[in-house]
>>> print(open('work-v6.cif').read())   # mmCIF, C-alpha atoms
data_my_file
loop_
_atom_site.label_atom_id
_atom_site.label_comp_id
_atom_site.auth_asym_id
_atom_site.auth_seq_id
_atom_site.Cartn_x
_atom_site.Cartn_y
_atom_site.Cartn_z
CA MET A 1 -11.29 10.95 -6.33
CA PRO A 2 -10.10 8.29 -8.77
CA THR A 3 -6.58 6.95 -8.92
CA PRO A 4 -4.39 9.35 -10.93
CA ASP A 5 -3.64 7.89 -14.36
CA GLY A 6 -1.29 10.43 -15.90
CA SER A 7 -4.02 12.36 -17.67
CA GLY A 8 -5.79 15.63 -16.90
CA PRO A 9 -4.15 17.55 -14.06
CA HIS A 10 -1.54 14.80 -13.69
CA ALA A 11 -0.44 14.73 -17.35
CA SER A 12 3.07 15.97 -16.59
CA CYS A 13 3.63 13.83 -13.48
CA THR A 14 6.25 11.12 -13.29
CA GLY A 15 5.34 7.61 -12.21
CA GLN A 16 6.86 8.24 -8.80
CA GLU A 17 4.75 11.37 -8.40
CA LEU A 18 1.58 9.52 -9.44
CA VAL A 19 2.23 6.75 -6.90
CA SER A 20 2.86 9.33 -4.16
CA ILE A 21 -0.35 11.17 -5.04
CA GLU A 22 -2.30 7.90 -4.90
CA ARG A 23 -0.81 6.85 -1.57
CA ALA A 24 -1.61 10.26 -0.10
CA ARG A 25 -5.17 9.90 -1.42
CA GLN A 26 -5.52 6.48 0.21
CA LEU A 27 -4.28 7.80 3.54
CA ARG A 28 -6.53 10.86 3.41
CA GLU A 29 -9.77 9.47 1.95
CA LYS A 30 -9.73 6.11 3.72
CA ALA A 31 -8.32 7.50 6.98
CA LEU A 32 -5.53 4.92 6.83
CA THR A 33 -2.30 5.01 8.79
CA VAL A 34 0.79 2.85 8.73
CA GLN A 35 -0.21 1.66 12.20
CA SER A 36 -3.70 0.63 11.07
CA ASP A 37 -2.27 -1.15 8.02
CA ASP A 38 0.12 -3.03 10.32
CA VAL A 39 -2.73 -4.16 12.58
CA ARG A 40 -5.22 -5.02 9.82
CA HIS A 41 -3.05 -6.75 7.23
CA GLY A 42 -0.89 -9.83 7.48
CA VAL A 43 2.59 -10.09 6.06
CA GLY A 44 2.51 -9.70 2.29
CA MET A 45 -1.21 -9.02 1.97
CA LEU A 46 -0.77 -5.50 0.57
CA ALA A 47 1.96 -6.75 -1.78
CA ARG A 48 -0.36 -9.54 -3.01
CA ALA A 49 -3.03 -6.92 -3.68
CA ALA A 50 -0.46 -4.87 -5.59
CA VAL A 51 0.40 -7.84 -7.81
CA CYS A 52 -3.30 -8.32 -8.55
CA TYR A 53 -3.66 -4.69 -9.64
CA GLU A 54 -0.47 -4.99 -11.68
CA GLN A 55 -1.80 -8.00 -13.58
CA HIS A 56 -5.60 -7.57 -13.52
CA GLY A 57 -6.24 -3.98 -12.46
CA THR A 58 -8.67 -3.04 -15.24
CA GLN A 59 -10.84 -6.14 -14.95
CA PRO A 60 -14.28 -5.68 -13.38
CA GLN A 61 -13.95 -8.61 -10.97
CA PRO A 62 -11.04 -9.35 -8.64
CA PRO A 63 -8.79 -12.26 -9.60
CA PRO A 64 -9.05 -15.52 -7.62
CA ASP A 65 -5.91 -14.74 -5.58
CA TRP A 66 -7.24 -11.35 -4.43
CA PRO A 67 -6.93 -10.87 -0.62
CA GLY A 68 -10.62 -11.03 0.25
CA ASP A 69 -10.69 -8.52 3.09
CA LEU A 70 -9.64 -5.66 0.79
CA GLU A 71 -11.99 -3.82 -1.54
CA TRP A 72 -11.47 -4.40 -5.29
CA ASP A 73 -11.68 -1.19 -7.31
CA PRO A 74 -11.15 -1.79 -11.05
CA GLN A 75 -9.12 0.95 -12.69
CA LEU A 76 -9.92 2.81 -15.90
CA ASN A 77 -6.63 2.02 -17.64
CA ASP A 78 -3.29 0.28 -17.24
CA VAL A 79 -1.50 3.37 -15.91
CA ALA A 80 -4.05 3.82 -13.11
CA ALA A 81 -3.77 0.10 -12.29
CA LEU A 82 0.03 0.36 -12.03
CA VAL A 83 -0.27 3.51 -9.93
CA ARG A 84 -2.64 1.68 -7.55
CA ALA A 85 -0.20 -1.25 -7.42
CA GLY A 86 2.69 1.10 -6.68
CA ALA A 87 0.80 2.74 -3.82
CA LEU A 88 0.01 -0.69 -2.35
CA TYR A 89 3.68 -1.71 -2.59
CA GLN A 90 4.56 1.53 -0.81
CA ALA A 91 1.99 0.74 1.89
CA GLU A 92 3.49 -2.74 2.37
CA ILE A 93 7.00 -1.31 2.67
CA ASP A 94 5.79 1.30 5.17
CA ARG A 95 4.01 -1.44 7.16
CA LEU A 96 7.17 -3.55 7.27
CA GLN A 97 9.29 -0.57 8.29
CA HIS A 98 6.82 0.24 11.07
CA ARG A 99 6.97 -3.35 12.31
CA LEU A 100 10.79 -3.25 12.26
CA GLN A 101 10.78 -0.01 14.28
CA ARG A 102 8.51 -1.66 16.87
CA ILE A 103 10.88 -4.64 17.16
CA ILE A 104 13.90 -2.38 17.54
CA ALA A 105 12.09 -0.41 20.26
CA ARG A 106 11.35 -3.66 22.15
CA ILE A 107 15.00 -4.70 21.93
CA ASP A 108 16.10 -1.29 23.19
CA GLN A 109 13.64 -1.52 26.10
CA ALA A 110 14.90 -5.01 27.02
CA ARG A 111 18.50 -3.80 26.95
CA ALA A 112 17.62 -0.78 29.09
CA ARG A 113 16.15 -3.15 31.70
CA GLY A 114 19.31 -5.25 31.64
CA HIS A 115 17.80 -8.25 29.84
CA PRO A 116 20.13 -10.05 27.44
CA VAL A 117 19.00 -9.87 23.85
#
>>> encode(input="work-v6.cif", output="structure tokens")
Amino acid sequence: MPTPDGSGPHASCTGQELVSIERARQLREKALTVQSDDVRHGVGMLARAAVCYEQHGTQPQPPPDWPGDLEWDPQLNDVAALVRAGALYQAEIDRLQHRLQRIIARIDQARARGHPV
């Protein structure tokens, strides 16, 4: 399924809805999870990919600053490129939130064992 671009069945969707649809598609079709994103991608990698889609998303080849371990998928139009970028920003935020939750859990565990934090 292609990235929603605000046409066809998504013609009446808001930008926020389109981004949410795309992120759900990524999670479902690529069997991604926040945990797998956290393990696979370094800090900022998903955000860098988002910037590339924002600026070059309809071009057939990835830009030079494209994070090489991700697949480049040129979009049909600017709306689809921005939707893809938005979903990648959402993925980066989710990854950072997951990492923060892990750190908080470690601090809580250390406190429970009586270790100073």
>>> residues_around(input="work-v6.cif", residues="Gly86 in chain A", least_positions_apart="4", cutoff="8 Å", atoms="all atoms listed in the file", output="list of chain:residue names")
A:Val19, A:Ala50, A:Leu82, A:Gln90
>>> write_last_selection(input="work-v6.cif", atoms="C-alpha atoms", output="PDB file, keeping the file's coordinate frame")
ATOM      1  CA  VAL A  19       2.230   6.750  -6.900  1.00  0.00           C
ATOM      2  CA  ALA A  50      -0.460  -4.870  -5.590  1.00  0.00           C
ATOM      3  CA  LEU A  82       0.030   0.360 -12.030  1.00  0.00           C
ATOM      4  CA  GLN A  90       4.560   1.530  -0.810  1.00  0.00           C
TER       5      GLN A  90
END
>>> closest_residue(input="work-v6.cif", among="A:Val39, A:Ala31, A:Ala87, A:Gly44", to="Pro67 in chain A", atoms="only C-alpha atoms")
A:Gly44
>>> resolve_selection(input="work-v6.cif", expression="the PyMOL selection byres ((chain A and resi 56-65) around 12)", output="ChimeraX atom specification")
/A:3,45,47-55,66-86
>>> atom_distance(input="work-v6.cif", atom1="CA of Gly42 in chain A", atom2="CA of Ile107 in chain A")
22.1 Å
>>> closest_residue(input="work-v6.cif", among="A:Ala110, A:Leu18, A:Val43, A:Ala11", to="Asp94 in chain A", atoms="all atoms listed in the file")
A:Val43
>>> atom_distance(input="work-v6.cif", atom1="CA of Arg106 in chain A", atom2="CA of Leu88 in chain A")
27.2 Å
>>> atom_distance(input="work-v6.cif", atom1="CA of Leu46 in chain A", atom2="CA of Ala105 in chain A")
24.1 Å
>>> residues_near_point(input="work-v6.cif", point="(-0.9, 5.1, 7.1)", cutoff="8 Å", atoms="all atoms listed in the file", output="PyMOL selection string")
chain A and resi 27+31-37+91+94
>>> axis_aligned_box(input="work-v6.cif", around="range 57-61 of chain A", padding_each_side="6 Å", output="AutoDock Vina command-line options")
--center_x -10.3 --center_y -5.8 --center_z -13.1 --size_x 20.0 --size_y 17.6 --size_z 16.3
